[in-house]
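Structure file my_file.tsv (TSV, N, CA, C and O atoms) follows.
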chain	number	residue	atom	x	y	z
A	1	MET	N	-46.47	-47.07	45.11
A	1	MET	CA	-45.86	-47.05	43.81
A	1	MET	C	-44.90	-45.86	43.75
A	1	MET	O	-45.29	-44.73	43.98
A	2	GLU	N	-43.64	-46.13	43.40
A	2	GLU	CA	-42.62	-45.09	43.36
A	2	GLU	C	-42.53	-44.50	41.95
A	2	GLU	O	-42.63	-45.22	40.97
A	3	PRO	N	-42.34	-43.19	41.85
A	3	PRO	CA	-42.18	-42.60	40.51
A	3	PRO	C	-40.83	-43.00	39.93
A	3	PRO	O	-39.86	-43.19	40.65
A	4	GLN	N	-40.81	-43.10	38.62
A	4	GLN	CA	-39.57	-43.46	37.93
A	4	GLN	C	-38.64	-42.25	37.89
A	4	GLN	O	-39.07	-41.13	37.63
A	5	ALA	N	-37.36	-42.52	38.13
A	5	ALA	CA	-36.38	-41.44	38.09
A	5	ALA	C	-36.08	-41.02	36.66
A	5	ALA	O	-35.98	-39.85	36.35
A	6	HIS	N	-35.96	-42.00	35.78
A	6	HIS	CA	-35.66	-41.72	34.38
A	6	HIS	C	-36.72	-42.38	33.52
A	6	HIS	O	-37.03	-43.54	33.69
A	7	PRO	N	-37.30	-41.63	32.59
A	7	PRO	CA	-38.30	-42.24	31.72
A	7	PRO	C	-37.65	-43.26	30.80
A	7	PRO	O	-36.50	-43.14	30.42
A	8	SER	N	-38.41	-44.27	30.47
A	8	SER	CA	-37.92	-45.27	29.52
A	8	SER	C	-38.97	-45.47	28.45
A	8	SER	O	-40.12	-45.12	28.61
A	9	GLY	N	-38.56	-46.03	27.35
A	9	GLY	CA	-39.48	-46.26	26.25
A	9	GLY	C	-39.01	-45.54	25.01
A	9	GLY	O	-37.92	-44.97	24.95
A	10	PRO	N	-39.85	-45.55	23.98
A	10	PRO	CA	-39.42	-44.98	22.70
A	10	PRO	C	-39.22	-43.48	22.73
A	10	PRO	O	-38.48	-42.93	21.93
A	11	HIS	N	-39.85	-42.78	23.67
A	11	HIS	CA	-39.73	-41.32	23.70
A	11	HIS	C	-38.73	-40.83	24.74
A	11	HIS	O	-38.64	-39.64	25.00
A	12	ALA	N	-37.96	-41.74	25.35
A	12	ALA	CA	-37.04	-41.34	26.40
A	12	ALA	C	-35.95	-40.41	25.88
A	12	ALA	O	-35.55	-39.47	26.55
A	13	GLU	N	-35.46	-40.65	24.68
A	13	GLU	CA	-34.39	-39.82	24.13
A	13	GLU	C	-34.92	-38.53	23.53
A	13	GLU	O	-34.16	-37.69	23.08
A	14	ASP	N	-36.22	-38.34	23.51
A	14	ASP	CA	-36.83	-37.17	22.89
A	14	ASP	C	-36.77	-35.94	23.79
A	14	ASP	O	-37.06	-34.85	23.36
A	15	HIS	N	-36.41	-36.11	25.06
A	15	HIS	CA	-36.38	-34.99	25.98
A	15	HIS	C	-35.17	-34.12	25.71
A	15	HIS	O	-34.08	-34.59	25.44
A	16	GLY	N	-35.37	-32.82	25.80
A	16	GLY	CA	-34.27	-31.89	25.58
A	16	GLY	C	-34.28	-31.36	24.16
A	16	GLY	O	-35.06	-31.78	23.31
A	17	TYR	N	-33.37	-30.43	23.95
A	17	TYR	CA	-33.33	-29.74	22.67
A	17	TYR	C	-32.15	-30.16	21.80
A	17	TYR	O	-31.93	-29.59	20.74
A	18	ARG	N	-31.38	-31.13	22.24
A	18	ARG	CA	-30.21	-31.55	21.48
A	18	ARG	C	-30.60	-32.09	20.10
A	18	ARG	O	-29.93	-31.80	19.10
A	19	VAL	N	-31.67	-32.85	20.04
A	19	VAL	CA	-32.13	-33.41	18.76
A	19	VAL	C	-32.50	-32.28	17.80
A	19	VAL	O	-32.15	-32.32	16.62
A	20	TYR	N	-33.18	-31.27	18.32
A	20	TYR	CA	-33.58	-30.15	17.47
A	20	TYR	C	-32.37	-29.35	16.99
A	20	TYR	O	-32.31	-28.92	15.84
A	21	GLY	N	-31.41	-29.15	17.87
A	21	GLY	CA	-30.20	-28.43	17.47
A	21	GLY	C	-29.40	-29.18	16.42
A	21	GLY	O	-28.92	-28.58	15.45
A	22	THR	N	-29.28	-30.49	16.59
A	22	THR	CA	-28.55	-31.30	15.61
A	22	THR	C	-29.27	-31.31	14.27
A	22	THR	O	-28.64	-31.17	13.21
A	23	THR	N	-30.58	-31.44	14.30
A	23	THR	CA	-31.36	-31.43	13.07
A	23	THR	C	-31.25	-30.07	12.38
A	23	THR	O	-31.07	-30.01	11.16
A	24	TRP	N	-31.35	-29.01	13.14
A	24	TRP	CA	-31.21	-27.67	12.57
A	24	TRP	C	-29.84	-27.50	11.93
A	24	TRP	O	-29.72	-26.92	10.85
A	25	PHE	N	-28.79	-28.02	12.59
A	25	PHE	CA	-27.44	-27.91	12.05
A	25	PHE	C	-27.35	-28.60	10.70
A	25	PHE	O	-26.80	-28.04	9.74
A	26	TRP	N	-27.89	-29.82	10.58
A	26	TRP	CA	-27.81	-30.54	9.31
A	26	TRP	C	-28.67	-29.87	8.23
A	26	TRP	O	-28.31	-29.87	7.05
A	27	LEU	N	-29.79	-29.30	8.62
A	27	LEU	CA	-30.59	-28.54	7.65
A	27	LEU	C	-29.81	-27.33	7.15
A	27	LEU	O	-29.87	-26.99	5.96
A	28	LEU	N	-29.07	-26.67	8.03
A	28	LEU	CA	-28.25	-25.53	7.64
A	28	LEU	C	-27.14	-25.97	6.69
A	28	LEU	O	-26.90	-25.32	5.66
A	29	ILE	N	-26.48	-27.08	6.98
A	29	ILE	CA	-25.42	-27.59	6.12
A	29	ILE	C	-25.96	-27.93	4.72
A	29	ILE	O	-25.35	-27.58	3.71
A	30	ILE	N	-27.12	-28.58	4.68
A	30	ILE	CA	-27.72	-28.93	3.38
A	30	ILE	C	-28.10	-27.67	2.61
A	30	ILE	O	-27.92	-27.59	1.39
A	31	THR	N	-28.63	-26.67	3.31
A	31	THR	CA	-29.00	-25.42	2.65
A	31	THR	C	-27.77	-24.72	2.08
A	31	THR	O	-27.80	-24.20	0.95
A	32	ILE	N	-26.68	-24.70	2.83
A	32	ILE	CA	-25.44	-24.10	2.33
A	32	ILE	C	-24.94	-24.87	1.10
A	32	ILE	O	-24.49	-24.27	0.12
A	33	ALA	N	-25.06	-26.20	1.14
A	33	ALA	CA	-24.65	-27.00	-0.02
A	33	ALA	C	-25.54	-26.71	-1.23
A	33	ALA	O	-25.07	-26.68	-2.37
A	34	GLU	N	-26.84	-26.49	-1.00
A	34	GLU	CA	-27.75	-26.16	-2.11
A	34	GLU	C	-27.35	-24.82	-2.75
A	34	GLU	O	-27.36	-24.70	-3.97
A	35	VAL	N	-27.04	-23.85	-1.92
A	35	VAL	CA	-26.62	-22.55	-2.47
A	35	VAL	C	-25.29	-22.71	-3.19
A	35	VAL	O	-25.08	-22.16	-4.28
A	36	GLY	N	-24.37	-23.48	-2.62
A	36	GLY	CA	-23.07	-23.67	-3.22
A	36	GLY	C	-23.12	-24.39	-4.56
A	36	GLY	O	-22.37	-24.08	-5.48
A	37	ILE	N	-24.03	-25.36	-4.70
A	37	ILE	CA	-24.11	-26.12	-5.95
A	37	ILE	C	-24.58	-25.25	-7.11
A	37	ILE	O	-24.24	-25.52	-8.26
A	38	THR	N	-25.30	-24.19	-6.81
A	38	THR	CA	-25.76	-23.31	-7.90
A	38	THR	C	-24.62	-22.49	-8.48
A	38	THR	O	-24.72	-22.02	-9.61
A	39	PHE	N	-23.53	-22.31	-7.72
A	39	PHE	CA	-22.38	-21.56	-8.22
A	39	PHE	C	-21.39	-22.43	-8.99
A	39	PHE	O	-20.46	-21.90	-9.60
A	40	LEU	N	-21.54	-23.74	-8.92
A	40	LEU	CA	-20.63	-24.63	-9.65
A	40	LEU	C	-21.01	-24.66	-11.12
A	40	LEU	O	-22.18	-24.53	-11.49
A	41	HIS	N	-20.04	-24.85	-11.95
A	41	HIS	CA	-20.29	-24.94	-13.39
A	41	HIS	C	-20.40	-26.42	-13.77
A	41	HIS	O	-19.46	-27.01	-14.31
A	42	ILE	N	-21.56	-26.99	-13.47
A	42	ILE	CA	-21.82	-28.39	-13.79
A	42	ILE	C	-23.03	-28.45	-14.71
A	42	ILE	O	-23.80	-27.48	-14.79
A	43	PRO	N	-23.22	-29.55	-15.42
A	43	PRO	CA	-24.40	-29.65	-16.29
A	43	PRO	C	-25.70	-29.46	-15.50
A	43	PRO	O	-25.79	-29.84	-14.33
A	44	ARG	N	-26.65	-28.85	-16.16
A	44	ARG	CA	-27.92	-28.51	-15.51
A	44	ARG	C	-28.62	-29.75	-14.94
A	44	ARG	O	-29.23	-29.68	-13.87
A	45	VAL	N	-28.53	-30.87	-15.64
A	45	VAL	CA	-29.20	-32.08	-15.17
A	45	VAL	C	-28.62	-32.52	-13.83
A	45	VAL	O	-29.37	-32.87	-12.91
A	46	LEU	N	-27.29	-32.49	-13.70
A	46	LEU	CA	-26.67	-32.87	-12.43
A	46	LEU	C	-27.02	-31.90	-11.32
A	46	LEU	O	-27.24	-32.30	-10.17
A	47	MET	N	-27.10	-30.62	-11.66
A	47	MET	CA	-27.45	-29.63	-10.66
A	47	MET	C	-28.87	-29.85	-10.16
A	47	MET	O	-29.13	-29.83	-8.95
A	48	VAL	N	-29.79	-30.08	-11.08
A	48	VAL	CA	-31.18	-30.30	-10.69
A	48	VAL	C	-31.31	-31.57	-9.87
A	48	VAL	O	-32.00	-31.59	-8.84
A	49	LEU	N	-30.64	-32.65	-10.28
A	49	LEU	CA	-30.70	-33.89	-9.50
A	49	LEU	C	-30.12	-33.70	-8.10
A	49	LEU	O	-30.67	-34.21	-7.12
A	50	GLY	N	-29.04	-32.96	-8.01
A	50	GLY	CA	-28.45	-32.68	-6.70
A	50	GLY	C	-29.37	-31.86	-5.81
A	50	GLY	O	-29.54	-32.15	-4.62
A	51	LEU	N	-29.98	-30.83	-6.40
A	51	LEU	CA	-30.89	-29.99	-5.62
A	51	LEU	C	-32.14	-30.76	-5.18
A	51	LEU	O	-32.59	-30.59	-4.05
A	52	VAL	N	-32.67	-31.59	-6.06
A	52	VAL	CA	-33.85	-32.39	-5.69
A	52	VAL	C	-33.48	-33.39	-4.60
A	52	VAL	O	-34.23	-33.58	-3.64
A	53	GLY	N	-32.32	-34.02	-4.73
A	53	GLY	CA	-31.88	-34.97	-3.71
A	53	GLY	C	-31.71	-34.31	-2.34
A	53	GLY	O	-32.11	-34.87	-1.31
A	54	MET	N	-31.11	-33.12	-2.33
A	54	MET	CA	-30.94	-32.41	-1.07
A	54	MET	C	-32.27	-31.94	-0.50
A	54	MET	O	-32.46	-31.93	0.72
A	55	ALA	N	-33.20	-31.56	-1.37
A	55	ALA	CA	-34.52	-31.15	-0.89
A	55	ALA	C	-35.26	-32.33	-0.27
A	55	ALA	O	-35.93	-32.18	0.76
A	56	ILE	N	-35.10	-33.51	-0.86
A	56	ILE	CA	-35.72	-34.71	-0.28
A	56	ILE	C	-35.08	-35.03	1.07
A	56	ILE	O	-35.78	-35.38	2.03
A	57	ALA	N	-33.77	-34.89	1.17
A	57	ALA	CA	-33.08	-35.14	2.44
A	57	ALA	C	-33.58	-34.18	3.52
A	57	ALA	O	-33.82	-34.58	4.67
A	58	LYS	N	-33.76	-32.91	3.16
A	58	LYS	CA	-34.27	-31.94	4.12
A	58	LYS	C	-35.71	-32.27	4.53
A	58	LYS	O	-36.06	-32.17	5.70
A	59	ALA	N	-36.51	-32.69	3.57
A	59	ALA	CA	-37.90	-33.05	3.89
A	59	ALA	C	-37.95	-34.24	4.84
A	59	ALA	O	-38.77	-34.26	5.77
A	60	VAL	N	-37.08	-35.22	4.61
A	60	VAL	CA	-37.05	-36.39	5.49
A	60	VAL	C	-36.63	-35.98	6.91
A	60	VAL	O	-37.22	-36.44	7.89
A	61	LEU	N	-35.62	-35.13	7.03
A	61	LEU	CA	-35.20	-34.66	8.36
A	61	LEU	C	-36.33	-33.93	9.07
A	61	LEU	O	-36.58	-34.15	10.26
A	62	ILE	N	-37.01	-33.06	8.36
A	62	ILE	CA	-38.10	-32.28	8.96
A	62	ILE	C	-39.23	-33.20	9.39
A	62	ILE	O	-39.76	-33.08	10.50
A	63	MET	N	-39.61	-34.14	8.52
A	63	MET	CA	-40.70	-35.05	8.87
A	63	MET	C	-40.33	-35.96	10.03
A	63	MET	O	-41.15	-36.23	10.91
A	64	ALA	N	-39.09	-36.43	10.05
A	64	ALA	CA	-38.69	-37.39	11.08
A	64	ALA	C	-38.57	-36.74	12.46
A	64	ALA	O	-39.04	-37.32	13.45
A	65	TYR	N	-37.96	-35.57	12.53
A	65	TYR	CA	-37.66	-35.00	13.85
A	65	TYR	C	-38.58	-33.87	14.27
A	65	TYR	O	-39.03	-33.83	15.41
A	66	PHE	N	-38.88	-32.92	13.38
A	66	PHE	CA	-39.75	-31.82	13.78
A	66	PHE	C	-41.21	-32.23	13.82
A	66	PHE	O	-41.97	-31.71	14.63
A	67	MET	N	-41.61	-33.14	12.95
A	67	MET	CA	-42.99	-33.62	12.96
A	67	MET	C	-43.13	-34.90	13.79
A	67	MET	O	-44.21	-35.48	13.84
A	68	HIS	N	-42.05	-35.36	14.38
A	68	HIS	CA	-42.02	-36.52	15.27
A	68	HIS	C	-42.50	-37.81	14.61
A	68	HIS	O	-43.02	-38.69	15.28
A	69	LEU	N	-42.32	-37.93	13.31
A	69	LEU	CA	-42.74	-39.15	12.63
A	69	LEU	C	-41.76	-40.29	12.85
A	69	LEU	O	-42.08	-41.44	12.58
A	70	LYS	N	-40.59	-40.00	13.37
A	70	LYS	CA	-39.62	-41.05	13.66
A	70	LYS	C	-40.16	-41.99	14.73
A	70	LYS	O	-39.84	-43.17	14.75
A	71	PHE	N	-41.00	-41.48	15.60
A	71	PHE	CA	-41.51	-42.27	16.70
A	71	PHE	C	-42.88	-42.88	16.41
A	71	PHE	O	-43.48	-43.49	17.28
A	72	GLU	N	-43.38	-42.71	15.21
A	72	GLU	CA	-44.68	-43.28	14.86
A	72	GLU	C	-44.52	-44.74	14.46
A	72	GLU	O	-43.43	-45.24	14.23
A	73	ARG	N	-45.63	-45.39	14.32
A	73	ARG	CA	-45.63	-46.79	13.92
A	73	ARG	C	-45.21	-46.91	12.46
A	73	ARG	O	-45.33	-45.99	11.68
A	74	ARG	N	-44.75	-48.08	12.11
A	74	ARG	CA	-44.30	-48.34	10.73
A	74	ARG	C	-45.45	-48.22	9.73
A	74	ARG	O	-45.23	-47.86	8.59
A	75	THR	N	-46.67	-48.51	10.15
A	75	THR	CA	-47.78	-48.42	9.20
A	75	THR	C	-47.97	-46.99	8.69
A	75	THR	O	-48.29	-46.80	7.52
A	76	LEU	N	-47.75	-46.01	9.56
A	76	LEU	CA	-47.86	-44.62	9.11
A	76	LEU	C	-46.77	-44.31	8.09
A	76	LEU	O	-47.02	-43.63	7.10
A	77	THR	N	-45.58	-44.84	8.33
A	77	THR	CA	-44.49	-44.65	7.37
A	77	THR	C	-44.85	-45.25	6.03
A	77	THR	O	-44.61	-44.66	4.98
A	78	TYR	N	-45.42	-46.43	6.05
A	78	TYR	CA	-45.83	-47.07	4.80
A	78	TYR	C	-46.95	-46.30	4.12
A	78	TYR	O	-46.99	-46.21	2.90
A	79	MET	N	-47.86	-45.75	4.90
A	79	MET	CA	-48.97	-44.99	4.32
A	79	MET	C	-48.47	-43.72	3.63
A	79	MET	O	-49.09	-43.25	2.68
A	80	ILE	N	-47.37	-43.16	4.09
A	80	ILE	CA	-46.81	-41.97	3.48
A	80	ILE	C	-45.81	-42.32	2.39
A	80	ILE	O	-45.80	-41.73	1.31
A	81	GLY	N	-44.96	-43.31	2.64
A	81	GLY	CA	-43.87	-43.64	1.73
A	81	GLY	C	-44.31	-44.34	0.46
A	81	GLY	O	-43.82	-44.00	-0.63
A	82	LEU	N	-45.21	-45.29	0.55
A	82	LEU	CA	-45.63	-46.04	-0.64
A	82	LEU	C	-46.32	-45.16	-1.69
A	82	LEU	O	-46.02	-45.30	-2.88
A	83	PRO	N	-47.20	-44.25	-1.31
A	83	PRO	CA	-47.76	-43.36	-2.34
A	83	PRO	C	-46.70	-42.48	-3.00
A	83	PRO	O	-46.78	-42.20	-4.20
A	84	MET	N	-45.69	-42.06	-2.24
A	84	MET	CA	-44.62	-41.27	-2.84
A	84	MET	C	-43.85	-42.08	-3.88
A	84	MET	O	-43.52	-41.57	-4.95
A	85	ILE	N	-43.59	-43.34	-3.57
A	85	ILE	CA	-42.91	-44.21	-4.53
A	85	ILE	C	-43.79	-44.41	-5.76
A	85	ILE	O	-43.31	-44.38	-6.90
A	86	LEU	N	-45.09	-44.58	-5.55
A	86	LEU	CA	-46.01	-44.74	-6.67
A	86	LEU	C	-46.03	-43.49	-7.56
A	86	LEU	O	-46.07	-43.60	-8.78
A	87	ILE	N	-45.97	-42.32	-6.96
A	87	ILE	CA	-45.95	-41.08	-7.73
A	87	ILE	C	-44.72	-41.04	-8.63
A	87	ILE	O	-44.81	-40.68	-9.82
A	88	VAL	N	-43.57	-41.41	-8.09
A	88	VAL	CA	-42.34	-41.39	-8.88
A	88	VAL	C	-42.41	-42.41	-10.01
A	88	VAL	O	-42.04	-42.12	-11.16
A	89	VAL	N	-42.90	-43.60	-9.72
A	89	VAL	CA	-43.02	-44.64	-10.75
A	89	VAL	C	-43.97	-44.20	-11.85
A	89	VAL	O	-43.67	-44.34	-13.05
A	90	LEU	N	-45.11	-43.65	-11.49
A	90	LEU	CA	-46.06	-43.18	-12.49
A	90	LEU	C	-45.51	-42.01	-13.30
A	90	LEU	O	-45.76	-41.91	-14.51
A	91	TYR	N	-44.75	-41.14	-12.65
A	91	TYR	CA	-44.15	-40.01	-13.36
A	91	TYR	C	-43.24	-40.51	-14.47
A	91	TYR	O	-43.33	-40.07	-15.62
A	92	PHE	N	-42.34	-41.44	-14.13
A	92	PHE	CA	-41.41	-41.95	-15.13
A	92	PHE	C	-42.10	-42.86	-16.15
A	92	PHE	O	-41.64	-42.96	-17.28
A	93	ALA	N	-43.19	-43.50	-15.76
A	93	ALA	CA	-43.92	-44.34	-16.70
A	93	ALA	C	-44.65	-43.50	-17.75
A	93	ALA	O	-44.77	-43.90	-18.90
A	94	LEU	N	-45.13	-42.34	-17.34
A	94	LEU	CA	-45.90	-41.49	-18.25
A	94	LEU	C	-45.03	-40.46	-18.98
A	94	LEU	O	-45.51	-39.79	-19.89
A	95	TRP	N	-43.77	-40.33	-18.58
A	95	TRP	CA	-42.89	-39.34	-19.20
A	95	TRP	C	-42.73	-39.53	-20.70
A	95	TRP	O	-42.78	-38.55	-21.45
A	96	PRO	N	-42.55	-40.76	-21.23
A	96	PRO	CA	-42.42	-40.90	-22.68
A	96	PRO	C	-43.65	-40.41	-23.45
A	96	PRO	O	-43.53	-39.84	-24.53
A	97	ASP	N	-44.83	-40.60	-22.89
A	97	ASP	CA	-46.04	-40.11	-23.55
A	97	ASP	C	-46.08	-38.59	-23.56
A	97	ASP	O	-46.56	-37.97	-24.51
A	98	ALA	N	-45.59	-37.97	-22.50
A	98	ALA	CA	-45.56	-36.50	-22.45
A	98	ALA	C	-44.61	-35.94	-23.49
A	98	ALA	O	-44.86	-34.87	-24.05
A	99	LEU	N	-43.55	-36.66	-23.79
A	99	LEU	CA	-42.60	-36.18	-24.80
A	99	LEU	C	-43.20	-36.20	-26.20
A	99	LEU	O	-42.79	-35.41	-27.05
A	100	LEU	N	-44.16	-37.06	-26.43
A	100	LEU	CA	-44.79	-37.14	-27.75
A	100	LEU	C	-45.66	-35.92	-28.02
A	100	LEU	O	-45.98	-35.62	-29.18
A	101	LEU	N	-46.08	-35.23	-26.98
A	101	LEU	CA	-46.94	-34.05	-27.17
A	101	LEU	C	-46.17	-32.85	-27.70
A	101	LEU	O	-46.75	-31.93	-28.24
A	102	PHE	N	-44.87	-32.83	-27.53
A	102	PHE	CA	-44.08	-31.66	-27.93
A	102	PHE	C	-43.52	-31.84	-29.30
A	102	PHE	O	-42.94	-32.55	-29.83

Would you mind writing the file out in structure tokens?
Amino acid sequence: MEPQAHPSGPHAEDHGYRVYGTTWFWLLIITIAEVGITFLHIPRVLMVLGLVGMAIAKAVLIMAYFMHLKFERRTLTYMIGLPMILIVVLYFALWPDALLLF
């Protein structure tokens, strides 16, 4: 049996540090954009939505590449993603009741 010269399969592209460098670069760009958006004179609601959106983008990058969840099975993605969607739905469903308390 001869050893394989080049690995194949889902983890073949995972070798090397290029993926980490690219991910780090995009995290740096998003962080600079987050700092920059705080200096803009835009309505607070838009600023908060922008910051939350960028924080979610950073979390997805970190989970996908640094935690290697990109290479996991889809069931794990569903186990993590569906509860997050449920949290958001429940948050907005219960928000009108929370406003009645004030």

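A straight line drawn from CA of Leu28 (chain A) to atom C of Arg44 (chain A) is 23.0 Å long.
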
### Task
Can you list, as a PyMOL selection string, all residues belonging to chain A that DSSP tags as helix (DSSP H, G or I)?
chain A and resi 12-14+18-39+44-66+69-71+74-100

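In this structure, atom C of Leu51 (chain A) sits 9.8 Å away from CA of Ile30 (chain A).
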
Let me have the centre and edge lengths of the axis-aligned box enclosing all listed atoms of region 57-60 of chain A with 5 Å padding on every side, in Å to one decimal, as lines of an AutoDock Vina configuration file.
center_x = -35.9
center_y = -34.2
center_z = 4.5
size_x = 15.7
size_y = 14.5
size_z = 16.7

### Task
Show which residues sit within 12 Å of Met54 (chain A), as a list in words. Count only C-alpha atoms, and ignore same-chain residues fewer than 6 positions away.
Trp26, Leu27, Leu28, Ile29, Ile30, Thr31, Ile32, Ala33, Glu34, Val35, Gly36, Ile37, Met47, Val48, Val60 and Leu61 of chain A

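Straight-line separation from atom N of Thr22 (chain A) to atom O of Arg74 (chain A): 24.9 Å.
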